[in-house]
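Novice: Dumping the structure here so I can ask a few things about it.
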Amino acid sequence: MLKTILNRLLQIIPTILVVVSITFVITRMIPGNPAATVLGPQASVEDVEKLTEELGLNDSLWDQYIRYLGNLFKGDFGTSYSYNMPVMNLIFSRLPNTLIIAFTSIVLAVLIGIPIGIVSAVKQYTAFDYISMVLALIGVSMPIFWLGLMLVLLFSVNLGWLPSLGMGSIEIGLWDVISHMVLPVGCLATIPTATFARITRSSMLEVINAEYIKSLRAGGLKERSVIYRHALKNALPPIVTVLGMQLASSFTGAILTETIFSWPGMGTLIVGAIENRDYMLIQGTVLFTALAFVFINLIVDIVYMMINPKVNYSGKGGA
């Protein structure tokens, strides 16, 4: 296992280098001059040229790239053009807000999706099974941006039950924070909930039809014990894999969700950086998100190997 973990850590280096290179090139393709955006439309040509020189944007792309890589190796993600603050400070100031809705949505998806999948597998071909799987298919198919707009239209505009913008303030009260979380969390949790329901059902069906499960039932073991102590345990590996994927995907899903609901997290930070042609902030946020993806997948692999020791990621035998 240790060798596999070390190999995965070594694979991170070329992966991150590719992400950094692609992001660097794409940001330079965005139309407009960051200096002109920072100074505003009233700035003179001389001021724009001066700031462009100070930011190092007059240097060749190769020189800018090498300088950026050198700073990254020192742990410096650069300074935001529009905020005039270190990129990492901005990321860490917004990251907790994104984690709040990301983790809450995943927890909600697990608590709802997995039980639905278990019941659907146990009650295969019943009305509950058909209805839940149809709803799961609809949930997986709905785009986040469309669902978010529909939730705002229904619960905020038409019914007036829930606020649609911002994240509330704990100083006003706990309900103010919770009420602001309901719509973005519900929007972000829809696809993971449907995915967990479908994967859990599929995985459970493979297990509960196995011979050893039939033997446990024939031995007089209670059905509840058979399902939750034996079948679910052996059905966990695919669910854990999906959990890691959905947790990583919640960061990208948060970009659209936060934009729709004006939630002050990483998503709105990235969108604002693109609008302001803030190269350093775009590169920093994309790189941070890529690192989150890689390490979450690494943790999932480790957990997967702990649950199912037969798995061998080295490719030299094993399951």
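In the structure tokens, chains take letters A, B, ... by order of appearance, with residues numbered from 1 within each chain and ligands from 1 in the order shown.
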Would you kindly return, as a list of chain:residue names, each protein, DNA or RNA residue with an atom no farther than 8 Å from any atom of Ala231 (chain A), considering only C-alpha atoms and excluding same-chain residues fewer than 6 positions away?
Specialist: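 Non-adjacent residues within range: A:Met204, A:Val207, A:Ile208, A:Ile213.
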Novice: Take the residues from that selection and write them out as a short mmCIF file (atom, residue, chain, number, x, y, z; two decimals), in the first residue's frame, keeping C-alpha atoms.
Specialist:
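Below is the file that was written, part.cif:
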```cif
data_model
loop_
_atom_site.label_atom_id
_atom_site.label_comp_id
_atom_site.auth_asym_id
_atom_site.auth_seq_id
_atom_site.Cartn_x
_atom_site.Cartn_y
_atom_site.Cartn_z
CA MET A 204 -26.38 -3.89 -3.51
CA VAL A 207 -24.17 -8.47 -3.47
CA ILE A 208 -27.60 -9.60 -2.25
CA ILE A 213 -25.92 -13.97 1.18
#
```
Novice: I'd like the contact shell of Gly253 (chain A) - 10 Å cut-off, only C-alpha atoms, skipping same-chain residues fewer than 6 positions apart - returned as a PyMOL selection string.
Specialist: chain A and resi 102+143-145+187-189+191+246-247+267
Novice: Name the residues of region 123-226 of chain A that fall into helix (DSSP H, G or I) according to DSSP on the backbone, using the chain letters and numbers of this document, as a ChimeraX atom specification.
Specialist: /A:127-141,144-158,174-208,211-218,223-226
Novice: Would you write out those residues with C-alpha atoms, as an mmCIF file, in the first residue's frame?
Specialist:
```cif
data_model
loop_
_atom_site.group_PDB
_atom_site.id
_atom_site.type_symbol
_atom_site.label_atom_id
_atom_site.label_comp_id
_atom_site.auth_asym_id
_atom_site.auth_seq_id
_atom_site.Cartn_x
_atom_site.Cartn_y
_atom_site.Cartn_z
ATOM 1 C CA ALA A 127 -43.387 0.734 -7.090
ATOM 2 C CA PHE A 128 -40.844 2.294 -4.711
ATOM 3 C CA ASP A 129 -37.990 0.990 -6.842
ATOM 4 C CA TYR A 130 -39.443 2.305 -10.107
ATOM 5 C CA ILE A 131 -40.378 5.716 -8.692
ATOM 6 C CA SER A 132 -37.073 6.276 -6.894
ATOM 7 C CA MET A 133 -34.984 5.301 -9.916
ATOM 8 C CA VAL A 134 -37.016 7.530 -12.242
ATOM 9 C CA LEU A 135 -36.532 10.430 -9.832
ATOM 10 C CA ALA A 136 -32.816 9.586 -9.603
ATOM 11 C CA LEU A 137 -32.532 9.640 -13.395
ATOM 12 C CA ILE A 138 -34.229 13.044 -13.483
ATOM 13 C CA GLY A 139 -31.940 14.304 -10.720
ATOM 14 C CA VAL A 140 -28.794 13.223 -12.575
ATOM 15 C CA SER A 141 -30.029 14.768 -15.821
ATOM 16 C CA ILE A 144 -27.261 22.743 -11.938
ATOM 17 C CA PHE A 145 -27.712 26.222 -13.427
ATOM 18 C CA TRP A 146 -31.275 25.412 -14.575
ATOM 19 C CA LEU A 147 -32.201 23.789 -11.274
ATOM 20 C CA GLY A 148 -30.813 26.728 -9.311
ATOM 21 C CA LEU A 149 -32.841 29.229 -11.325
ATOM 22 C CA MET A 150 -36.000 27.129 -10.927
ATOM 23 C CA LEU A 151 -35.485 26.928 -7.146
ATOM 24 C CA VAL A 152 -35.077 30.700 -6.940
ATOM 25 C CA LEU A 153 -38.165 31.251 -9.069
ATOM 26 C CA LEU A 154 -40.296 28.866 -6.992
ATOM 27 C CA PHE A 155 -39.171 29.344 -3.393
ATOM 28 C CA SER A 156 -37.935 32.942 -3.486
ATOM 29 C CA VAL A 157 -39.901 34.774 -6.170
ATOM 30 C CA ASN A 158 -43.258 32.976 -6.216
ATOM 31 C CA LEU A 174 -28.894 30.775 13.222
ATOM 32 C CA TRP A 175 -32.055 30.543 11.128
ATOM 33 C CA ASP A 176 -30.819 33.384 8.923
ATOM 34 C CA VAL A 177 -27.733 31.321 8.038
ATOM 35 C CA ILE A 178 -29.701 28.089 7.570
ATOM 36 C CA SER A 179 -32.378 29.726 5.415
ATOM 37 C CA HIS A 180 -29.714 31.127 3.099
ATOM 38 C CA MET A 181 -28.108 27.653 2.842
ATOM 39 C CA VAL A 182 -31.246 25.702 1.950
ATOM 40 C CA LEU A 183 -31.442 26.582 -1.756
ATOM 41 C CA PRO A 184 -27.711 26.368 -2.676
ATOM 42 C CA VAL A 185 -27.232 23.170 -0.666
ATOM 43 C CA GLY A 186 -30.376 21.621 -2.138
ATOM 44 C CA CYS A 187 -29.254 22.562 -5.636
ATOM 45 C CA LEU A 188 -25.738 21.193 -5.120
ATOM 46 C CA ALA A 189 -26.963 17.989 -3.443
ATOM 47 C CA THR A 190 -29.399 16.941 -6.174
ATOM 48 C CA ILE A 191 -26.960 15.226 -8.545
ATOM 49 C CA PRO A 192 -24.926 13.478 -5.774
ATOM 50 C CA THR A 193 -28.131 12.221 -4.126
ATOM 51 C CA ALA A 194 -29.373 10.727 -7.389
ATOM 52 C CA THR A 195 -25.936 9.262 -8.134
ATOM 53 C CA PHE A 196 -25.641 7.629 -4.706
ATOM 54 C CA ALA A 197 -29.112 6.128 -5.046
ATOM 55 C CA ARG A 198 -28.329 4.581 -8.438
ATOM 56 C CA ILE A 199 -24.843 3.307 -7.539
ATOM 57 C CA THR A 200 -25.962 1.923 -4.161
ATOM 58 C CA ARG A 201 -28.859 0.064 -5.757
ATOM 59 C CA SER A 202 -26.624 -1.400 -8.465
ATOM 60 C CA SER A 203 -23.910 -2.434 -6.002
ATOM 61 C CA MET A 204 -26.383 -3.892 -3.509
ATOM 62 C CA LEU A 205 -28.112 -5.938 -6.212
ATOM 63 C CA GLU A 206 -24.811 -7.587 -7.112
ATOM 64 C CA VAL A 207 -24.168 -8.473 -3.466
ATOM 65 C CA ILE A 208 -27.596 -9.604 -2.250
ATOM 66 C CA GLU A 211 -24.429 -17.260 -2.845
ATOM 67 C CA TYR A 212 -23.017 -16.369 0.567
ATOM 68 C CA ILE A 213 -25.917 -13.966 1.183
ATOM 69 C CA LYS A 214 -28.364 -16.742 0.340
ATOM 70 C CA SER A 215 -26.476 -18.998 2.752
ATOM 71 C CA LEU A 216 -26.757 -16.428 5.532
ATOM 72 C CA ARG A 217 -30.494 -16.200 4.989
ATOM 73 C CA ALA A 218 -30.799 -19.985 4.911
ATOM 74 C CA GLU A 223 -32.844 -9.967 7.182
ATOM 75 C CA ARG A 224 -31.811 -6.652 8.719
ATOM 76 C CA SER A 225 -28.488 -8.114 9.802
ATOM 77 C CA VAL A 226 -27.954 -9.716 6.393
#
```
Novice: Quick one: residues within 10 Å of Ala273 (chain A), only C-alpha atoms counted, chain neighbours fewer than 2 positions away excluded, as a ChimeraX atom specification?
Specialist: /A:80-83,267-271,275-283,285
Novice: Could you please take those selected residues and save C-alpha atoms as a PDB file, in the first residue's frame?
Specialist:
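The result, written out as selection_39.pdb:
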```
ATOM      1  CA  SER A  80      -4.163  39.342  -7.266  1.00  0.00           C
ATOM      2  CA  TYR A  81      -4.310  42.280  -9.664  1.00  0.00           C
ATOM      3  CA  SER A  82      -7.803  43.380  -8.709  1.00  0.00           C
ATOM      4  CA  TYR A  83      -7.634  42.805  -4.929  1.00  0.00           C
ATOM      5  CA  GLY A 267     -17.019  29.938  -7.177  1.00  0.00           C
ATOM      6  CA  THR A 268     -17.779  33.643  -7.127  1.00  0.00           C
ATOM      7  CA  LEU A 269     -14.066  34.316  -6.603  1.00  0.00           C
ATOM      8  CA  ILE A 270     -13.191  32.437  -9.809  1.00  0.00           C
ATOM      9  CA  VAL A 271     -15.965  34.098 -11.816  1.00  0.00           C
ATOM     10  CA  GLU A 275     -14.375  39.003 -15.422  1.00  0.00           C
ATOM     11  CA  ASN A 276     -11.475  41.173 -14.184  1.00  0.00           C
ATOM     12  CA  ARG A 277      -8.819  39.396 -16.294  1.00  0.00           C
ATOM     13  CA  ASP A 278      -7.008  38.657 -13.028  1.00  0.00           C
ATOM     14  CA  TYR A 279      -4.450  36.173 -14.340  1.00  0.00           C
ATOM     15  CA  MET A 280      -2.849  35.383 -10.998  1.00  0.00           C
ATOM     16  CA  LEU A 281      -6.146  34.792  -9.243  1.00  0.00           C
ATOM     17  CA  ILE A 282      -7.461  32.589 -12.064  1.00  0.00           C
ATOM     18  CA  GLN A 283      -4.295  30.505 -12.087  1.00  0.00           C
ATOM     19  CA  THR A 285      -7.841  29.166  -7.881  1.00  0.00           C
TER      20      THR A 285
END
```
Novice: What does the distance from CA of Met245 (chain A) to CA of Met305 (chain A) come to in Å, to one decimal?
Specialist: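 We find that CA of Met245 (chain A) and CA of Met305 (chain A) lie 16.0 Å from each other.
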